[in-house]
file target04.cif (mmCIF, C-alpha atoms and all ligand atoms; chains and numbers go by the auth columns)
data_my_file
loop_
_atom_site.group_PDB
_atom_site.id
_atom_site.type_symbol
_atom_site.label_atom_id
_atom_site.label_comp_id
_atom_site.label_asym_id
_atom_site.label_seq_id
_atom_site.Cartn_x
_atom_site.Cartn_y
_atom_site.Cartn_z
_atom_site.B_iso_or_equiv
_atom_site.auth_seq_id
_atom_site.auth_asym_id
ATOM 1 C CA MET A 1 10.496 -5.983 -19.924 0.00 184 A
ATOM 2 C CA PRO A 2 6.675 -6.196 -20.148 0.00 185 A
ATOM 3 C CA LYS A 3 4.733 -3.911 -17.860 0.00 186 A
ATOM 4 C CA LYS A 4 3.575 -5.505 -14.618 0.00 187 A
ATOM 5 C CA LYS A 5 -0.184 -5.822 -14.188 0.00 188 A
ATOM 6 C CA ILE A 6 -1.220 -4.075 -11.000 0.00 189 A
ATOM 7 C CA VAL A 7 -4.463 -4.003 -9.030 0.00 190 A
ATOM 8 C CA LEU A 8 -4.774 -1.151 -6.528 0.00 191 A
ATOM 9 C CA PHE A 9 -6.710 -1.513 -3.259 0.00 192 A
ATOM 10 C CA ALA A 10 -7.877 1.598 -1.385 0.00 193 A
ATOM 11 C CA SER A 11 -10.541 2.561 1.142 0.00 194 A
ATOM 12 C CA GLY A 12 -10.751 6.342 1.230 0.00 195 A
ATOM 13 C CA ARG A 13 -9.136 9.461 -0.135 0.00 196 A
ATOM 14 C CA GLY A 14 -6.713 7.576 -2.354 0.00 197 A
ATOM 15 C CA SER A 15 -3.675 9.849 -2.430 0.00 198 A
ATOM 16 C CA ASN A 16 -1.320 6.850 -2.445 0.00 199 A
ATOM 17 C CA ALA A 17 -3.325 5.199 -5.221 0.00 200 A
ATOM 18 C CA ILE A 18 -3.108 8.440 -7.223 0.00 201 A
ATOM 19 C CA ALA A 19 0.676 8.633 -6.690 0.00 202 A
ATOM 20 C CA LEU A 20 1.084 5.064 -7.981 0.00 203 A
ATOM 21 C CA HIS A 21 -1.271 5.563 -10.917 0.00 204 A
ATOM 22 C CA ASP A 22 0.411 8.805 -11.973 0.00 205 A
ATOM 23 C CA ALA A 23 3.872 7.242 -11.729 0.00 206 A
ATOM 24 C CA MET A 24 2.716 4.450 -14.044 0.00 207 A
ATOM 25 C CA VAL A 25 1.223 6.901 -16.541 0.00 208 A
ATOM 26 C CA GLN A 26 4.490 8.887 -16.484 0.00 209 A
ATOM 27 C CA GLY A 27 6.577 5.743 -16.986 0.00 210 A
ATOM 28 C CA VAL A 28 8.290 6.038 -13.601 0.00 211 A
ATOM 29 C CA ILE A 29 6.846 2.634 -12.699 0.00 212 A
ATOM 30 C CA ASN A 30 6.959 -0.119 -15.309 0.00 213 A
ATOM 31 C CA GLY A 31 3.404 -1.142 -14.600 0.00 214 A
ATOM 32 C CA GLU A 32 -0.208 -0.583 -15.557 0.00 215 A
ATOM 33 C CA VAL A 33 -3.246 -0.288 -13.312 0.00 216 A
ATOM 34 C CA GLN A 34 -5.707 -3.020 -14.276 0.00 217 A
ATOM 35 C CA ALA A 35 -8.401 -2.266 -11.717 0.00 218 A
ATOM 36 C CA LEU A 36 -9.038 -0.639 -8.375 0.00 219 A
ATOM 37 C CA VAL A 37 -10.706 -2.461 -5.476 0.00 220 A
ATOM 38 C CA CYS A 38 -12.473 -0.423 -2.801 0.00 221 A
ATOM 39 C CA ASP A 39 -14.403 -1.692 0.226 0.00 222 A
ATOM 40 C CA ILE A 40 -16.228 1.531 1.139 0.00 223 A
ATOM 41 C CA PRO A 41 -19.248 2.761 -0.882 0.00 224 A
ATOM 42 C CA GLY A 42 -18.872 6.475 -1.620 0.00 225 A
ATOM 43 C CA ALA A 43 -15.136 6.609 -0.943 0.00 226 A
ATOM 44 C CA PRO A 44 -13.550 9.483 -2.927 0.00 227 A
ATOM 45 C CA VAL A 45 -11.069 7.094 -4.549 0.00 228 A
ATOM 46 C CA LEU A 46 -13.930 5.441 -6.468 0.00 229 A
ATOM 47 C CA GLU A 47 -14.583 8.561 -8.529 0.00 230 A
ATOM 48 C CA THR A 48 -10.888 9.168 -8.991 0.00 231 A
ATOM 49 C CA ALA A 49 -10.326 5.681 -10.422 0.00 232 A
ATOM 50 C CA ALA A 50 -13.377 6.005 -12.646 0.00 233 A
ATOM 51 C CA SER A 51 -11.899 9.238 -14.044 0.00 234 A
ATOM 52 C CA TRP A 52 -8.803 7.253 -15.044 0.00 235 A
ATOM 53 C CA GLY A 53 -11.018 4.913 -17.066 0.00 236 A
ATOM 54 C CA VAL A 54 -9.912 2.011 -14.886 0.00 237 A
ATOM 55 C CA PRO A 55 -12.389 -0.736 -13.894 0.00 238 A
ATOM 56 C CA VAL A 56 -13.598 -0.153 -10.348 0.00 239 A
ATOM 57 C CA ILE A 57 -14.543 -3.073 -8.115 0.00 240 A
ATOM 58 C CA LEU A 58 -16.657 -2.137 -5.113 0.00 241 A
ATOM 59 C CA ALA A 59 -16.456 -4.920 -2.539 0.00 242 A
ATOM 60 C CA ASP A 60 -18.937 -3.743 0.069 0.00 243 A
ATOM 61 C CA ARG A 61 -17.861 -5.656 3.169 0.00 244 A
ATOM 62 C CA LYS A 62 -21.177 -5.016 4.962 0.00 245 A
ATOM 63 C CA LYS A 63 -23.324 -6.242 2.065 0.00 246 A
ATOM 64 C CA LEU A 64 -21.117 -9.238 1.374 0.00 247 A
ATOM 65 C CA GLY A 65 -21.570 -10.477 4.932 0.00 248 A
ATOM 66 C CA SER A 66 -18.681 -12.642 6.044 0.00 249 A
ATOM 67 C CA LYS A 67 -14.983 -11.960 5.594 0.00 250 A
ATOM 68 C CA ALA A 68 -14.754 -15.200 3.597 0.00 251 A
ATOM 69 C CA ALA A 69 -17.488 -14.021 1.207 0.00 252 A
ATOM 70 C CA PHE A 70 -15.826 -10.610 0.933 0.00 253 A
ATOM 71 C CA GLU A 71 -12.476 -12.124 0.011 0.00 254 A
ATOM 72 C CA GLU A 72 -14.015 -14.678 -2.354 0.00 255 A
ATOM 73 C CA PHE A 73 -15.792 -11.819 -4.143 0.00 256 A
ATOM 74 C CA ILE A 74 -12.541 -9.898 -4.576 0.00 257 A
ATOM 75 C CA LEU A 75 -10.556 -12.949 -5.718 0.00 258 A
ATOM 76 C CA LYS A 76 -13.167 -13.724 -8.390 0.00 259 A
ATOM 77 C CA ALA A 77 -13.403 -10.095 -9.479 0.00 260 A
ATOM 78 C CA ILE A 78 -9.651 -9.618 -9.948 0.00 261 A
ATOM 79 C CA GLU A 79 -8.918 -13.087 -11.349 0.00 262 A
ATOM 80 C CA PRO A 80 -9.361 -12.002 -15.012 0.00 263 A
ATOM 81 C CA TYR A 81 -6.582 -9.434 -14.663 0.00 264 A
ATOM 82 C CA GLN A 82 -3.919 -12.030 -13.793 0.00 265 A
ATOM 83 C CA ALA A 83 -2.222 -9.433 -11.618 0.00 266 A
ATOM 84 C CA ASP A 84 1.514 -9.505 -10.997 0.00 267 A
ATOM 85 C CA LEU A 85 1.093 -7.255 -7.975 0.00 268 A
ATOM 86 C CA LEU A 86 -1.598 -6.043 -5.585 0.00 269 A
ATOM 87 C CA CYS A 87 -0.875 -2.674 -3.953 0.00 270 A
ATOM 88 C CA LEU A 88 -2.681 -1.921 -0.688 0.00 271 A
ATOM 89 C CA ALA A 89 -2.771 1.868 -0.847 0.00 272 A
ATOM 90 C CA GLY A 90 -4.666 2.888 2.259 0.00 273 A
ATOM 91 C CA PHE A 91 -6.795 -0.283 2.229 0.00 274 A
ATOM 92 C CA MET A 92 -8.163 -0.596 5.746 0.00 275 A
ATOM 93 C CA ARG A 93 -8.932 -4.333 5.827 0.00 276 A
ATOM 94 C CA LEU A 94 -6.777 -7.160 7.062 0.00 277 A
ATOM 95 C CA LEU A 95 -6.519 -9.894 4.420 0.00 278 A
ATOM 96 C CA SER A 96 -6.556 -13.539 5.520 0.00 279 A
ATOM 97 C CA GLY A 97 -3.747 -16.021 5.036 0.00 280 A
ATOM 98 C CA ASP A 98 -5.923 -17.832 2.524 0.00 281 A
ATOM 99 C CA PHE A 99 -6.346 -14.705 0.401 0.00 282 A
ATOM 100 C CA ILE A 100 -2.649 -13.874 0.657 0.00 283 A
ATOM 101 C CA SER A 101 -1.657 -17.393 -0.428 0.00 284 A
ATOM 102 C CA HIS A 102 -3.217 -16.701 -3.837 0.00 285 A
ATOM 103 C CA TYR A 103 -0.749 -13.825 -4.324 0.00 286 A
ATOM 104 C CA ALA A 104 2.239 -14.934 -2.243 0.00 287 A
ATOM 105 C CA ASP A 105 5.004 -12.279 -2.259 0.00 288 A
ATOM 106 C CA LYS A 106 2.867 -10.252 -4.659 0.00 289 A
ATOM 107 C CA ILE A 107 1.060 -7.981 -2.208 0.00 290 A
ATOM 108 C CA ILE A 108 2.622 -4.738 -0.991 0.00 291 A
ATOM 109 C CA ASN A 109 1.252 -2.460 1.718 0.00 292 A
ATOM 110 C CA ILE A 110 2.115 1.009 2.982 0.00 293 A
ATOM 111 C CA HIS A 111 1.913 1.794 6.678 0.00 294 A
ATOM 112 C CA PRO A 112 2.370 5.277 8.209 0.00 295 A
ATOM 113 C CA ALA A 113 4.925 4.267 10.848 0.00 296 A
ATOM 114 C CA LEU A 114 8.440 2.944 11.102 0.00 297 A
ATOM 115 C CA LEU A 115 7.596 -0.741 11.553 0.00 298 A
ATOM 116 C CA PRO A 116 7.848 -2.809 13.638 0.00 299 A
ATOM 117 C CA SER A 117 6.752 0.090 15.875 0.00 300 A
ATOM 118 C CA PHE A 118 3.136 1.256 15.907 0.00 301 A
ATOM 119 C CA ARG A 119 1.240 -1.368 13.987 0.00 302 A
ATOM 120 C CA GLY A 120 -2.480 -1.047 13.404 0.00 303 A
ATOM 121 C CA LEU A 121 -4.785 1.954 13.404 0.00 304 A
ATOM 122 C CA HIS A 122 -3.787 5.504 14.349 0.00 305 A
ATOM 123 C CA ALA A 123 -0.107 4.743 13.902 0.00 306 A
ATOM 124 C CA GLN A 124 0.759 8.445 13.780 0.00 307 A
ATOM 125 C CA GLY A 125 -1.205 9.082 17.002 0.00 308 A
ATOM 126 C CA GLN A 126 0.574 6.161 18.616 0.00 309 A
ATOM 127 C CA ALA A 127 3.913 7.739 17.644 0.00 310 A
ATOM 128 C CA VAL A 128 2.926 11.126 19.116 0.00 311 A
ATOM 129 C CA ALA A 129 1.706 9.488 22.338 0.00 312 A
ATOM 130 C CA ALA A 130 4.910 7.454 22.664 0.00 313 A
ATOM 131 C CA GLY A 131 6.981 10.636 22.389 0.00 314 A
ATOM 132 C CA VAL A 132 9.281 9.301 19.682 0.00 315 A
ATOM 133 C CA LYS A 133 11.422 11.895 17.932 0.00 316 A
ATOM 134 C CA ILE A 134 11.513 10.190 14.545 0.00 317 A
ATOM 135 C CA ALA A 135 8.513 8.754 12.700 0.00 318 A
ATOM 136 C CA GLY A 136 7.893 7.761 9.107 0.00 319 A
ATOM 137 C CA CYS A 137 6.421 5.210 6.759 0.00 320 A
ATOM 138 C CA THR A 138 7.115 1.639 5.739 0.00 321 A
ATOM 139 C CA VAL A 139 6.392 -0.213 2.509 0.00 322 A
ATOM 140 C CA HIS A 140 6.396 -3.970 3.044 0.00 323 A
ATOM 141 C CA PHE A 141 5.307 -7.288 1.613 0.00 324 A
ATOM 142 C CA VAL A 142 2.073 -8.525 3.152 0.00 325 A
ATOM 143 C CA VAL A 143 1.868 -11.590 5.396 0.00 326 A
ATOM 144 C CA PRO A 144 -1.126 -12.707 7.478 0.00 327 A
ATOM 145 C CA ASP A 145 0.018 -10.786 10.586 0.00 328 A
ATOM 146 C CA MET A 146 -1.060 -7.143 10.516 0.00 329 A
ATOM 147 C CA ASP A 147 1.629 -4.673 9.417 0.00 330 A
ATOM 148 C CA ALA A 148 4.297 -7.343 9.502 0.00 331 A
ATOM 149 C CA GLY A 149 6.136 -8.891 6.574 0.00 332 A
ATOM 150 C CA PRO A 150 9.460 -8.175 4.898 0.00 333 A
ATOM 151 C CA ILE A 151 10.221 -4.454 4.767 0.00 334 A
ATOM 152 C CA ILE A 152 11.028 -3.036 1.330 0.00 335 A
ATOM 153 C CA LEU A 153 11.620 0.661 2.044 0.00 336 A
ATOM 154 C CA GLN A 154 11.205 3.134 4.870 0.00 337 A
ATOM 155 C CA SER A 155 11.376 6.918 5.086 0.00 338 A
ATOM 156 C CA ALA A 156 11.849 9.040 8.182 0.00 339 A
ATOM 157 C CA VAL A 157 10.461 12.395 9.283 0.00 340 A
ATOM 158 C CA PRO A 158 11.072 14.345 12.508 0.00 341 A
ATOM 159 C CA VAL A 159 8.384 14.535 15.179 0.00 342 A
ATOM 160 C CA CYS A 160 7.880 18.061 16.577 0.00 343 A
ATOM 161 C CA GLU A 161 6.962 18.835 20.172 0.00 344 A
ATOM 162 C CA ASP A 162 3.646 20.393 19.213 0.00 345 A
ATOM 163 C CA ASP A 163 2.662 17.674 16.741 0.00 346 A
ATOM 164 C CA THR A 164 -0.798 16.192 16.828 0.00 347 A
ATOM 165 C CA GLU A 165 -1.819 12.979 15.116 0.00 348 A
ATOM 166 C CA ASP A 166 -3.020 15.069 12.164 0.00 349 A
ATOM 167 C CA THR A 167 0.073 17.243 11.735 0.00 350 A
ATOM 168 C CA LEU A 168 2.367 14.241 11.950 0.00 351 A
ATOM 169 C CA ALA A 169 0.149 12.291 9.522 0.00 352 A
ATOM 170 C CA ALA A 170 0.413 15.135 7.001 0.00 353 A
ATOM 171 C CA ARG A 171 4.225 15.190 7.298 0.00 354 A
ATOM 172 C CA ILE A 172 4.480 11.417 6.925 0.00 355 A
ATOM 173 C CA LEU A 173 2.124 11.451 3.917 0.00 356 A
ATOM 174 C CA THR A 174 4.593 13.623 1.972 0.00 357 A
ATOM 175 C CA ARG A 175 7.071 10.730 2.276 0.00 358 A
ATOM 176 C CA GLU A 176 4.540 7.945 1.691 0.00 359 A
ATOM 177 C CA HIS A 177 4.009 8.792 -1.952 0.00 360 A
ATOM 178 C CA PRO A 178 7.654 8.765 -3.164 0.00 361 A
ATOM 179 C CA THR A 179 8.482 5.782 -0.948 0.00 362 A
ATOM 180 C CA PHE A 180 5.580 3.714 -2.277 0.00 363 A
ATOM 181 C CA VAL A 181 6.357 4.721 -5.866 0.00 364 A
ATOM 182 C CA LYS A 182 10.002 3.707 -5.485 0.00 365 A
ATOM 183 C CA ALA A 183 9.156 0.357 -3.869 0.00 366 A
ATOM 184 C CA VAL A 184 6.645 -0.532 -6.592 0.00 367 A
ATOM 185 C CA SER A 185 9.077 0.635 -9.244 0.00 368 A
ATOM 186 C CA LEU A 186 11.779 -1.683 -7.860 0.00 369 A
ATOM 187 C CA PHE A 187 9.283 -4.571 -7.797 0.00 370 A
ATOM 188 C CA CYS A 188 8.227 -3.925 -11.388 0.00 371 A
ATOM 189 C CA ASP A 189 11.856 -3.871 -12.519 0.00 372 A
ATOM 190 C CA ASP A 190 12.370 -7.295 -10.868 0.00 373 A
ATOM 191 C CA LYS A 191 14.955 -5.766 -8.549 0.00 374 A
ATOM 192 C CA LEU A 192 13.579 -7.146 -5.269 0.00 375 A
ATOM 193 C CA SER A 193 14.239 -10.515 -3.682 0.00 376 A
ATOM 194 C CA ILE A 194 13.199 -11.816 -0.268 0.00 377 A
ATOM 195 C CA ASP A 195 15.754 -13.574 1.898 0.00 378 A
ATOM 196 C CA GLY A 196 13.931 -14.713 5.041 0.00 379 A
ATOM 197 C CA ASN A 197 12.643 -11.493 6.531 0.00 380 A
ATOM 198 C CA VAL A 198 15.062 -9.307 4.585 0.00 381 A
ATOM 199 C CA VAL A 199 14.320 -7.693 1.232 0.00 382 A
ATOM 200 C CA LYS A 200 17.371 -7.318 -1.004 0.00 383 A
ATOM 201 C CA GLY A 201 17.743 -4.973 -3.957 0.00 384 A
ATOM 202 C CA THR A 202 17.016 -1.629 -2.341 0.00 385 A
ATOM 203 C CA THR A 203 20.552 -0.273 -1.970 0.00 386 A
ATOM 204 C CA GLY A 204 20.735 3.402 -2.838 0.00 387 A
ATOM 205 C CA TRP A 205 17.434 4.420 -1.297 0.00 388 A
ATOM 206 C CA ASP A 206 17.873 7.295 1.187 0.00 389 A
ATOM 207 C CA PRO A 207 15.340 7.017 4.040 0.00 390 A
ATOM 208 C CA PHE A 208 16.310 10.508 5.279 0.00 391 A
ATOM 209 C CA LYS A 209 15.964 12.347 2.014 0.00 392 A
ATOM 210 C CA ILE A 210 14.061 15.617 2.296 0.00 393 A
ATOM 211 C CA ILE A 211 11.888 16.336 -0.705 0.00 394 A
HETATM 212 C C1 LIG B . -2.165 6.572 4.527 0.00 1 B
HETATM 213 O O1 LIG B . -1.574 7.293 5.573 0.00 1 B
HETATM 214 C C2 LIG B . -1.790 5.129 4.592 0.00 1 B
HETATM 215 O O2 LIG B . -0.482 4.906 4.988 0.00 1 B
HETATM 216 C C3 LIG B . -2.750 4.632 5.646 0.00 1 B
HETATM 217 O O3 LIG B . -3.953 5.285 5.375 0.00 1 B
HETATM 218 C C4 LIG B . -3.680 6.510 4.709 0.00 1 B
HETATM 219 C C5 LIG B . -4.411 6.473 3.411 0.00 1 B
HETATM 220 O O4 LIG B . -4.275 7.684 2.714 0.00 1 B
HETATM 221 N N1 LIG B . -2.836 3.211 5.664 0.00 1 B
HETATM 222 P P1 LIG B . -4.676 7.771 1.175 0.00 1 B
HETATM 223 O O5 LIG B . -6.076 7.186 1.051 0.00 1 B
HETATM 224 O O6 LIG B . -3.676 6.995 0.386 0.00 1 B
HETATM 225 O O7 LIG B . -4.646 9.233 0.863 0.00 1 B
#
call {"tool": "encode", "arguments": {"input": "target04.cif", "output": "structure tokens"}}
result
Amino acid sequence: MPKKKIVLFASGRGSNAIALHDAMVQGVINGEVQALVCDIPGAPVLETAASWGVPVILADRKKLGSKAAFEEFILKAIEPYQADLLCLAGFMRLLSGDFISHYADKIINIHPALLPSFRGLHAQGQAVAAGVKIAGCTVHFVVPDMDAGPIILQSAVPVCEDDTEDTLAARILTREHPTFVKAVSLFCDDKLSIDGNVVKGTTGWDPFKII
């Protein structure tokens, strides 16, 4: 099966983007990074992607003005790559329905909470404040609503009594990387199908696995 062409989107540190890139280089994911899109000038992930020798697309939201102009810029910039999949790996912008329609069922996001709980920013802080005893991460297909869309995989971690947003975020992050890698790997092997709101093809994944 030919490798899937993947464009990564990230806004900051880029540890999820690195996990996906490395898994592709190691052959764990049957895909190849074509380019990385970043919306924040100076974000550490820009240098990381450049060190991979991958084209870097800086879409500076402030300079580009409107959201429509921002999205138009990105669509034009990634068009030559004919991507099979866009991976939102810590990309902190909500994409419009119009943008998403260009890549229907071909955009995957990771969110640091067990959706549908704790959508939006500071998901780990929301979990701590709510006093839940189990938290985790979700990899899902992207739809216009924020942090909604068919769920591909989830992984769980315990919440400790003395957790802060930061300590819980660090624990969840250790599960984000393998969960994202597995979800993208399943996509690239054409294992996933969407039946309404339910993603099929993920049997065998253990959301409670301790690594
Ligand atoms: C991750 O926790 C991701 O789930 C969230 O933002 C964080 C990005 O981390 N959306 P990184 O840039 O991938 O290291």
call {"tool": "resolve_selection", "arguments": {"input": "target04.cif", "expression": "the PyMOL selection byres (((chain A and resi 370) around 10) and not hetatm)", "output": "list of chain:residue names"}}
result
A:Lys187, A:Ile212, A:Asn213, A:Gly214, A:Asp267, A:Leu268, A:Lys289, A:Ile291, A:Ile335, A:Val364, A:Lys365, A:Ala366, A:Val367, A:Ser368, A:Leu369, A:Cys371, A:Asp372, A:Asp373, A:Lys374, A:Leu375, A:Ser376, A:Gly384, A:Thr385
call {"tool": "atom_distance", "arguments": {"input": "target04.cif", "atom1": "CA of Leu258 in chain A", "atom2": "CA of Asp330 in chain A"}}
result
21.1 Å
call {"tool": "residues_near_ligand", "arguments": {"input": "target04.cif", "ligand": "ligand LIG 1 (chain B)", "cutoff": "7 Å", "atoms": "only C-alpha atoms and all ligand atoms", "output": "list in words"}}
result
Ala193, Ser194, Gly195, Arg196, Gly197, Ser198, Asn199, Ala200, Ala272, Gly273, Phe274, Met275, Ile293, His294, Pro295, Ala352, Leu356 and Glu359 of chain A
call {"tool": "residues_around", "arguments": {"input": "target04.cif", "residues": "Asn292 in chain A", "least_positions_apart": "6", "cutoff": "7 Å", "atoms": "all atoms listed in the file", "output": "list in words"}}
result
Cys270, Leu271, Ala272, Val322, His323, Phe324 and Val325 of chain A
call {"tool": "atom_distance", "arguments": {"input": "target04.cif", "atom1": "CA of Pro333 in chain A", "atom2": "CA of Asp281 in chain A"}}
result
18.3 Å
call {"tool": "residues_around", "arguments": {"input": "target04.cif", "residues": "Ala233 in chain A", "least_positions_apart": "4", "cutoff": "12 Å", "atoms": "only C-alpha atoms", "output": "ChimeraX atom specification"}}
result
/A:201,216-221,226-229,237-241
call {"tool": "closest_residue", "arguments": {"input": "target04.cif", "among": "A:Gly308, A:Leu191, A:Asp328, A:Ala339", "to": "Ile290 in chain A", "atoms": "only C-alpha atoms"}}
result
A:Leu191
call {"tool": "resolve_selection", "arguments": {"input": "target04.cif", "expression": "the PyMOL selection byres (((chain A and resi 348) around 12) and not hetatm)", "output": "PDB file with C-alpha atoms, keeping the file's coordinate frame"}}
result
ATOM      1  CA  PRO A 295       2.370   5.277   8.209  1.00  0.00           C
ATOM      2  CA  ALA A 296       4.925   4.267  10.848  1.00  0.00           C
ATOM      3  CA  LEU A 304      -4.785   1.954  13.404  1.00  0.00           C
ATOM      4  CA  HIS A 305      -3.787   5.504  14.349  1.00  0.00           C
ATOM      5  CA  ALA A 306      -0.107   4.743  13.902  1.00  0.00           C
ATOM      6  CA  GLN A 307       0.759   8.445  13.780  1.00  0.00           C
ATOM      7  CA  GLY A 308      -1.205   9.082  17.002  1.00  0.00           C
ATOM      8  CA  GLN A 309       0.574   6.161  18.616  1.00  0.00           C
ATOM      9  CA  ALA A 310       3.913   7.739  17.644  1.00  0.00           C
ATOM     10  CA  VAL A 311       2.926  11.126  19.116  1.00  0.00           C
ATOM     11  CA  ALA A 312       1.706   9.488  22.338  1.00  0.00           C
ATOM     12  CA  ALA A 313       4.910   7.454  22.664  1.00  0.00           C
ATOM     13  CA  GLY A 314       6.981  10.636  22.389  1.00  0.00           C
ATOM     14  CA  ALA A 318       8.513   8.754  12.700  1.00  0.00           C
ATOM     15  CA  VAL A 342       8.384  14.535  15.179  1.00  0.00           C
ATOM     16  CA  CYS A 343       7.880  18.061  16.577  1.00  0.00           C
ATOM     17  CA  GLU A 344       6.962  18.835  20.172  1.00  0.00           C
ATOM     18  CA  ASP A 345       3.646  20.393  19.213  1.00  0.00           C
ATOM     19  CA  ASP A 346       2.662  17.674  16.741  1.00  0.00           C
ATOM     20  CA  THR A 347      -0.798  16.192  16.828  1.00  0.00           C
ATOM     21  CA  ASP A 349      -3.020  15.069  12.164  1.00  0.00           C
ATOM     22  CA  THR A 350       0.073  17.243  11.735  1.00  0.00           C
ATOM     23  CA  LEU A 351       2.367  14.241  11.950  1.00  0.00           C
ATOM     24  CA  ALA A 352       0.149  12.291   9.522  1.00  0.00           C
ATOM     25  CA  ALA A 353       0.413  15.135   7.001  1.00  0.00           C
ATOM     26  CA  ARG A 354       4.225  15.190   7.298  1.00  0.00           C
ATOM     27  CA  ILE A 355       4.480  11.417   6.925  1.00  0.00           C
ATOM     28  CA  LEU A 356       2.124  11.451   3.917  1.00  0.00           C
TER      29      LEU A 356
END
call {"tool": "residues_around", "arguments": {"input": "target04.cif", "residues": "Glu255 in chain A", "least_positions_apart": "4", "cutoff": "12 Å", "atoms": "all atoms listed in the file", "output": "list of chain:residue names"}}
result
A:Ala242, A:Arg244, A:Leu247, A:Gly248, A:Ser249, A:Lys250, A:Ala251, A:Lys259, A:Ala260, A:Ile261, A:Glu262, A:Leu278, A:Ser279, A:Asp281, A:Phe282, A:Ile283, A:His285
call {"tool": "atom_distance", "arguments": {"input": "target04.cif", "atom1": "CA of Arg358 in chain A", "atom2": "CA of Ser338 in chain A"}}
result
6.4 Å
call {"tool": "closest_residue", "arguments": {"input": "target04.cif", "among": "A:Val340, A:Ile257, A:Ile334, A:Ala287", "to": "Lys316 in chain A", "atoms": "all atoms listed in the file"}}
result
A:Val340
call {"tool": "axis_aligned_box", "arguments": {"input": "target04.cif", "around": "range 303-319 of chain A", "padding_each_side": "6 Å", "output": "AutoDock Vina command-line options"}}
result
--center_x 3.4 --center_y 5.4 --center_z 15.9 --size_x 28.3 --size_y 24.9 --size_z 25.6
call {"tool": "closest_residue", "arguments": {"input": "target04.cif", "among": "A:Pro361, A:Pro390, A:Pro263, A:Gly332", "to": "Ile317 in chain A", "atoms": "all atoms listed in the file"}}
result
A:Pro390
